[in-house]
Amino acid sequence: MGKLYLVPVPIGNFADITYRAIEILKYVDFILAEDTRISGLLLAEYEIKTPLISYHQHNEQSRIKTIISKLESGENIALISDAGMPCISDPGSIIVKNLIAKNIEVVALPGANAALTCLAASGLNTDYFTFFGFLPVKGKERSKQIKIITNHQFSIILYEAPHRILKTLEDLIEQGLGKRRIAVGRELTKKHETYVRGTVDNVYRHYQQENPRGEFVLVLEGQAEFLAENSQPQADLQAEIEHQAIIDLEQLLAGGMKMKSAVYFLSAKYKINKNKLYQIALEFKKN
């Protein structure tokens, strides 16, 4: 029984391929490639002469029987995408699912990935994050996804094409996310790689001025991190409230209000325990 190897390829810089990836691509009987013209350039760079077979979203289902037959006959196959890790916003997951169901071994190699590359350089929460890939272009599904993103607690990773990035940023702003932090990576690992970091509002204005080109990765701040950065901690807030209540209590007592009346009034106003205020009032009276 042969094996299917999932082989990540560079997302831009050819030097980011691993030695193991090159060895596997030379070793297998043939390579399934999303676009044989793009993959052919990489294989030529490393003098890999393994035959290429096209495998993309439009022929994924029709290729399954042929691939399974070749693997069952003992041939080994590598699956690559145009860039990065196969199966991640790229074809491959359907064949992997079918092979696992038939107990055919699938071996995944580590390697370049645009989502994690941008996340690592984003300055946002890297402990918890969710990868959404490409948003639906339009319709109810797009609205549904953006609504999920709006309330999502952790860092959100999106892929976007240059002709749609302004629309996506605009949709995020319309959902009230203009103040959220975002990091946008463009043409990662390539010669003209750039990062733009700031609020969604600021990044949107940036790309209104600069014509978006290349492939984009967006890492958006999650709701939990945004609230933690922009909300006063509860303990500090409570201490501030109690401090103000004590100032008011001292002024009311000095102005002649009865102790009991002042305590009840401020307890209701600031939602503070009456006994605590009463003890403070007694201290004022002693002094």
# chains A, B, ... in the order shown; residues from 1 in each chain; ligands from 1
call {"tool": "residues_around", "arguments": {"residues": "Ile64 in chain A", "least_positions_apart": "3", "cutoff": "10 Å", "atoms": "only C-alpha atoms", "output": "list of chain:residue names"}}
result
A:Tyr55, A:Asn59, A:Glu60, A:Gln61, A:Ile67, A:Ile68, A:Ser69, A:Ile94, A:Ile95, A:Val96, A:Asn98, A:Leu99
call {"tool": "select_by_dssp", "arguments": {"residues": "range 167-238 of chain A", "states": "strand (DSSP E or B)", "output": "MDAnalysis selection string"}}
result
chainID A and resid 181:186 194:199 216:220
call {"tool": "residues_around", "arguments": {"residues": "range 260-274 of chain A", "least_positions_apart": "5", "cutoff": "9 Å", "atoms": "only C-alpha atoms", "output": "PyMOL selection string"}}
result
chain A and resi 241-242+244-246+248-249+252-253+279+281
call {"tool": "closest_residue", "arguments": {"among": "A:Ile182, A:Leu166, A:Ala112, A:Val28", "to": "Asn211 in chain A", "atoms": "only C-alpha atoms"}}
result
A:Leu166
call {"tool": "residues_around", "arguments": {"residues": "Tyr46 in chain A", "least_positions_apart": "3", "cutoff": "10 Å", "atoms": "only C-alpha atoms", "output": "PyMOL selection string"}}
result
chain A and resi 14+17+22+25-26+41-43+49
call {"tool": "closest_residue", "arguments": {"among": "A:Ala78, A:Leu119, A:Ile104, A:Ala21", "to": "Met1 in chain A", "atoms": "only C-alpha atoms"}}
result
A:Ile104
call {"tool": "closest_residue", "arguments": {"among": "A:Asn202, A:His56, A:Met259, A:Gly2", "to": "Asn103 in chain A", "atoms": "only C-alpha atoms"}}
result
A:Gly2
call {"tool": "atom_distance", "arguments": {"atom1": "CA of Leu79 in chain A", "atom2": "CA of Ile31 in chain A"}}
result
5.8 Å
call {"tool": "residues_around", "arguments": {"residues": "Thr126 in chain A", "least_positions_apart": "3", "cutoff": "12 Å", "atoms": "only C-alpha atoms", "output": "MDAnalysis selection string"}}
result
chainID A and resid 115:123 129:131 154:157 219:222 225
call {"tool": "closest_residue", "arguments": {"among": "A:Gly12, A:Gly74, A:Gly139, A:Gly133", "to": "Ser89 in chain A", "atoms": "only C-alpha atoms"}}
result
A:Gly133
call {"tool": "residues_around", "arguments": {"residues": "Gly84 in chain A", "least_positions_apart": "5", "cutoff": "9 Å", "atoms": "only C-alpha atoms", "output": "ChimeraX atom specification"}}
result
/A:7-12,111-114
call {"tool": "atom_distance", "arguments": {"atom1": "CA of Asp90 in chain A", "atom2": "CA of Ser54 in chain A"}}
result
13.2 Å
call {"tool": "residues_around", "arguments": {"residues": "Leu52 in chain A", "least_positions_apart": "4", "cutoff": "7 Å", "atoms": "only C-alpha atoms", "output": "list of chain:residue names"}}
result
A:Phe30, A:Ile31, A:Leu32, A:Ala33, A:Thr36
call {"tool": "write_last_selection", "arguments": {"atoms": "N, CA and C atoms", "output": "tab-separated table (two decimals), in the first residue's frame"}}
result
chain	number	residue	atom	x	y	z
A	30	PHE	N	4.39	10.27	-8.27
A	30	PHE	CA	3.91	11.47	-8.93
A	30	PHE	C	3.38	12.47	-7.90
A	31	ILE	N	3.17	13.69	-8.37
A	31	ILE	CA	2.78	14.80	-7.48
A	31	ILE	C	1.44	15.36	-7.94
A	32	LEU	N	0.52	15.48	-7.01
A	32	LEU	CA	-0.75	16.15	-7.28
A	32	LEU	C	-0.55	17.64	-7.02
A	33	ALA	N	-0.81	18.47	-8.02
A	33	ALA	CA	-0.55	19.90	-7.90
A	33	ALA	C	-1.79	20.70	-8.26
A	36	THR	N	-0.31	23.11	-12.19
A	36	THR	CA	0.96	22.49	-12.61
A	36	THR	C	1.96	23.52	-13.15
call {"tool": "closest_residue", "arguments": {"among": "A:Glu187, A:Asp201, A:Glu229, A:Glu193", "to": "Thr168 in chain A", "atoms": "only C-alpha atoms"}}
result
A:Asp201
call {"tool": "select_by_dssp", "arguments": {"residues": "range 126-252 of chain A", "states": "helix (DSSP H, G or I)", "output": "MDAnalysis selection string"}}
result
chainID A and resid 139:151 165:174 200:209 223:230 234:252
call {"tool": "decode", "arguments": {"residues": "range 86-125 of chain A", "atoms": "N, CA and C atoms", "output": "PDB file, in the first residue's frame"}}
result
ATOM      1  N   PRO A  86      -1.010  22.157   2.044  1.00  0.00           N
ATOM      2  CA  PRO A  86      -2.197  21.607   1.376  1.00  0.00           C
ATOM      3  C   PRO A  86      -3.350  21.458   2.370  1.00  0.00           C
ATOM      4  N   CYS A  87      -4.554  21.528   1.870  1.00  0.00           N
ATOM      5  CA  CYS A  87      -5.795  21.338   2.643  1.00  0.00           C
ATOM      6  C   CYS A  87      -6.217  22.575   3.434  1.00  0.00           C
ATOM      7  N   ILE A  88      -5.339  23.560   3.607  1.00  0.00           N
ATOM      8  CA  ILE A  88      -5.685  24.760   4.365  1.00  0.00           C
ATOM      9  C   ILE A  88      -6.084  25.849   3.377  1.00  0.00           C
ATOM     10  N   SER A  89      -7.395  26.071   3.236  1.00  0.00           N
ATOM     11  CA  SER A  89      -7.944  26.965   2.212  1.00  0.00           C
ATOM     12  C   SER A  89      -7.474  26.556   0.818  1.00  0.00           C
ATOM     13  N   ASP A  90      -7.204  25.288   0.650  1.00  0.00           N
ATOM     14  CA  ASP A  90      -6.777  24.718  -0.623  1.00  0.00           C
ATOM     15  C   ASP A  90      -7.351  23.308  -0.742  1.00  0.00           C
ATOM     16  N   PRO A  91      -7.415  22.754  -1.957  1.00  0.00           N
ATOM     17  CA  PRO A  91      -7.924  21.383  -2.122  1.00  0.00           C
ATOM     18  C   PRO A  91      -7.083  20.370  -1.358  1.00  0.00           C
ATOM     19  N   GLY A  92      -7.680  19.252  -1.024  1.00  0.00           N
ATOM     20  CA  GLY A  92      -6.942  18.179  -0.358  1.00  0.00           C
ATOM     21  C   GLY A  92      -7.715  17.491   0.735  1.00  0.00           C
ATOM     22  N   SER A  93      -8.561  18.228   1.447  1.00  0.00           N
ATOM     23  CA  SER A  93      -9.252  17.643   2.601  1.00  0.00           C
ATOM     24  C   SER A  93     -10.184  16.503   2.207  1.00  0.00           C
ATOM     25  N   ILE A  94     -10.781  16.573   1.016  1.00  0.00           N
ATOM     26  CA  ILE A  94     -11.709  15.513   0.576  1.00  0.00           C
ATOM     27  C   ILE A  94     -10.957  14.208   0.352  1.00  0.00           C
ATOM     28  N   ILE A  95      -9.818  14.283  -0.328  1.00  0.00           N
ATOM     29  CA  ILE A  95      -9.055  13.056  -0.574  1.00  0.00           C
ATOM     30  C   ILE A  95      -8.496  12.484   0.728  1.00  0.00           C
ATOM     31  N   VAL A  96      -8.046  13.355   1.640  1.00  0.00           N
ATOM     32  CA  VAL A  96      -7.531  12.889   2.932  1.00  0.00           C
ATOM     33  C   VAL A  96      -8.619  12.143   3.693  1.00  0.00           C
ATOM     34  N   LYS A  97      -9.812  12.680   3.716  1.00  0.00           N
ATOM     35  CA  LYS A  97     -10.939  12.039   4.396  1.00  0.00           C
ATOM     36  C   LYS A  97     -11.233  10.664   3.796  1.00  0.00           C
ATOM     37  N   ASN A  98     -11.203  10.567   2.469  1.00  0.00           N
ATOM     38  CA  ASN A  98     -11.472   9.287   1.800  1.00  0.00           C
ATOM     39  C   ASN A  98     -10.380   8.259   2.067  1.00  0.00           C
ATOM     40  N   LEU A  99      -9.136   8.710   2.106  1.00  0.00           N
ATOM     41  CA  LEU A  99      -8.025   7.785   2.343  1.00  0.00           C
ATOM     42  C   LEU A  99      -8.049   7.250   3.775  1.00  0.00           C
ATOM     43  N   ILE A 100      -8.338   8.111   4.724  1.00  0.00           N
ATOM     44  CA  ILE A 100      -8.408   7.677   6.119  1.00  0.00           C
ATOM     45  C   ILE A 100      -9.508   6.641   6.296  1.00  0.00           C
ATOM     46  N   ALA A 101     -10.626   6.843   5.602  1.00  0.00           N
ATOM     47  CA  ALA A 101     -11.731   5.881   5.678  1.00  0.00           C
ATOM     48  C   ALA A 101     -11.330   4.521   5.137  1.00  0.00           C
ATOM     49  N   LYS A 102     -10.354   4.477   4.229  1.00  0.00           N
ATOM     50  CA  LYS A 102      -9.884   3.215   3.639  1.00  0.00           C
ATOM     51  C   LYS A 102      -8.590   2.724   4.288  1.00  0.00           C
ATOM     52  N   ASN A 103      -8.212   3.349   5.407  1.00  0.00           N
ATOM     53  CA  ASN A 103      -6.994   2.968   6.143  1.00  0.00           C
ATOM     54  C   ASN A 103      -5.728   3.077   5.300  1.00  0.00           C
ATOM     55  N   ILE A 104      -5.712   4.053   4.402  1.00  0.00           N
ATOM     56  CA  ILE A 104      -4.503   4.341   3.632  1.00  0.00           C
ATOM     57  C   ILE A 104      -3.742   5.445   4.353  1.00  0.00           C
ATOM     58  N   GLU A 105      -2.454   5.247   4.538  1.00  0.00           N
ATOM     59  CA  GLU A 105      -1.676   6.165   5.368  1.00  0.00           C
ATOM     60  C   GLU A 105      -1.504   7.534   4.718  1.00  0.00           C
ATOM     61  N   VAL A 106      -1.729   8.561   5.528  1.00  0.00           N
ATOM     62  CA  VAL A 106      -1.514   9.950   5.114  1.00  0.00           C
ATOM     63  C   VAL A 106      -0.425  10.533   6.005  1.00  0.00           C
ATOM     64  N   VAL A 107       0.630  11.058   5.392  1.00  0.00           N
ATOM     65  CA  VAL A 107       1.755  11.627   6.134  1.00  0.00           C
ATOM     66  C   VAL A 107       1.825  13.129   5.852  1.00  0.00           C
ATOM     67  N   ALA A 108       1.693  13.951   6.887  1.00  0.00           N
ATOM     68  CA  ALA A 108       1.750  15.408   6.720  1.00  0.00           C
ATOM     69  C   ALA A 108       3.115  15.928   7.154  1.00  0.00           C
ATOM     70  N   LEU A 109       3.774  16.672   6.288  1.00  0.00           N
ATOM     71  CA  LEU A 109       5.054  17.288   6.613  1.00  0.00           C
ATOM     72  C   LEU A 109       4.811  18.704   7.147  1.00  0.00           C
ATOM     73  N   PRO A 110       5.648  19.172   8.072  1.00  0.00           N
ATOM     74  CA  PRO A 110       5.539  20.569   8.528  1.00  0.00           C
ATOM     75  C   PRO A 110       6.169  21.498   7.505  1.00  0.00           C
ATOM     76  N   GLY A 111       5.719  22.758   7.530  1.00  0.00           N
ATOM     77  CA  GLY A 111       6.314  23.703   6.591  1.00  0.00           C
ATOM     78  C   GLY A 111       5.639  25.052   6.605  1.00  0.00           C
ATOM     79  N   ALA A 112       5.873  25.817   5.572  1.00  0.00           N
ATOM     80  CA  ALA A 112       5.402  27.201   5.500  1.00  0.00           C
ATOM     81  C   ALA A 112       3.882  27.289   5.531  1.00  0.00           C
ATOM     82  N   ASN A 113       3.388  28.320   6.243  1.00  0.00           N
ATOM     83  CA  ASN A 113       1.954  28.575   6.327  1.00  0.00           C
ATOM     84  C   ASN A 113       1.744  30.067   6.522  1.00  0.00           C
ATOM     85  N   ALA A 114       0.980  30.687   5.640  1.00  0.00           N
ATOM     86  CA  ALA A 114       0.802  32.142   5.675  1.00  0.00           C
ATOM     87  C   ALA A 114       0.072  32.600   6.928  1.00  0.00           C
ATOM     88  N   ALA A 115      -0.941  31.835   7.366  1.00  0.00           N
ATOM     89  CA  ALA A 115      -1.745  32.233   8.524  1.00  0.00           C
ATOM     90  C   ALA A 115      -0.884  32.337   9.775  1.00  0.00           C
ATOM     91  N   LEU A 116      -0.086  31.313  10.056  1.00  0.00           N
ATOM     92  CA  LEU A 116       0.733  31.306  11.262  1.00  0.00           C
ATOM     93  C   LEU A 116       1.889  32.307  11.163  1.00  0.00           C
ATOM     94  N   THR A 117       2.398  32.501   9.959  1.00  0.00           N
ATOM     95  CA  THR A 117       3.468  33.482   9.763  1.00  0.00           C
ATOM     96  C   THR A 117       2.990  34.872  10.148  1.00  0.00           C
ATOM     97  N   CYS A 118       1.808  35.244   9.674  1.00  0.00           N
ATOM     98  CA  CYS A 118       1.266  36.569   9.980  1.00  0.00           C
ATOM     99  C   CYS A 118       0.861  36.679  11.448  1.00  0.00           C
ATOM    100  N   LEU A 119       0.281  35.620  11.990  1.00  0.00           N
ATOM    101  CA  LEU A 119      -0.114  35.625  13.404  1.00  0.00           C
ATOM    102  C   LEU A 119       1.089  35.891  14.302  1.00  0.00           C
ATOM    103  N   ALA A 120       2.196  35.204  14.023  1.00  0.00           N
ATOM    104  CA  ALA A 120       3.391  35.341  14.854  1.00  0.00           C
ATOM    105  C   ALA A 120       3.917  36.780  14.861  1.00  0.00           C
ATOM    106  N   ALA A 121       3.722  37.483  13.755  1.00  0.00           N
ATOM    107  CA  ALA A 121       4.241  38.850  13.643  1.00  0.00           C
ATOM    108  C   ALA A 121       3.174  39.911  13.907  1.00  0.00           C
ATOM    109  N   SER A 122       1.996  39.489  14.333  1.00  0.00           N
ATOM    110  CA  SER A 122       0.874  40.423  14.465  1.00  0.00           C
ATOM    111  C   SER A 122       0.932  41.287  15.719  1.00  0.00           C
ATOM    112  N   GLY A 123       1.524  40.763  16.789  1.00  0.00           N
ATOM    113  CA  GLY A 123       1.485  41.467  18.069  1.00  0.00           C
ATOM    114  C   GLY A 123       0.178  41.244  18.808  1.00  0.00           C
ATOM    115  N   LEU A 124      -0.669  40.363  18.297  1.00  0.00           N
ATOM    116  CA  LEU A 124      -1.949  40.055  18.934  1.00  0.00           C
ATOM    117  C   LEU A 124      -1.868  38.709  19.643  1.00  0.00           C
ATOM    118  N   ASN A 125      -2.965  38.297  20.253  1.00  0.00           N
ATOM    119  CA  ASN A 125      -2.992  37.068  21.048  1.00  0.00           C
ATOM    120  C   ASN A 125      -2.668  35.847  20.188  1.00  0.00           C
TER     121      ASN A 125
END
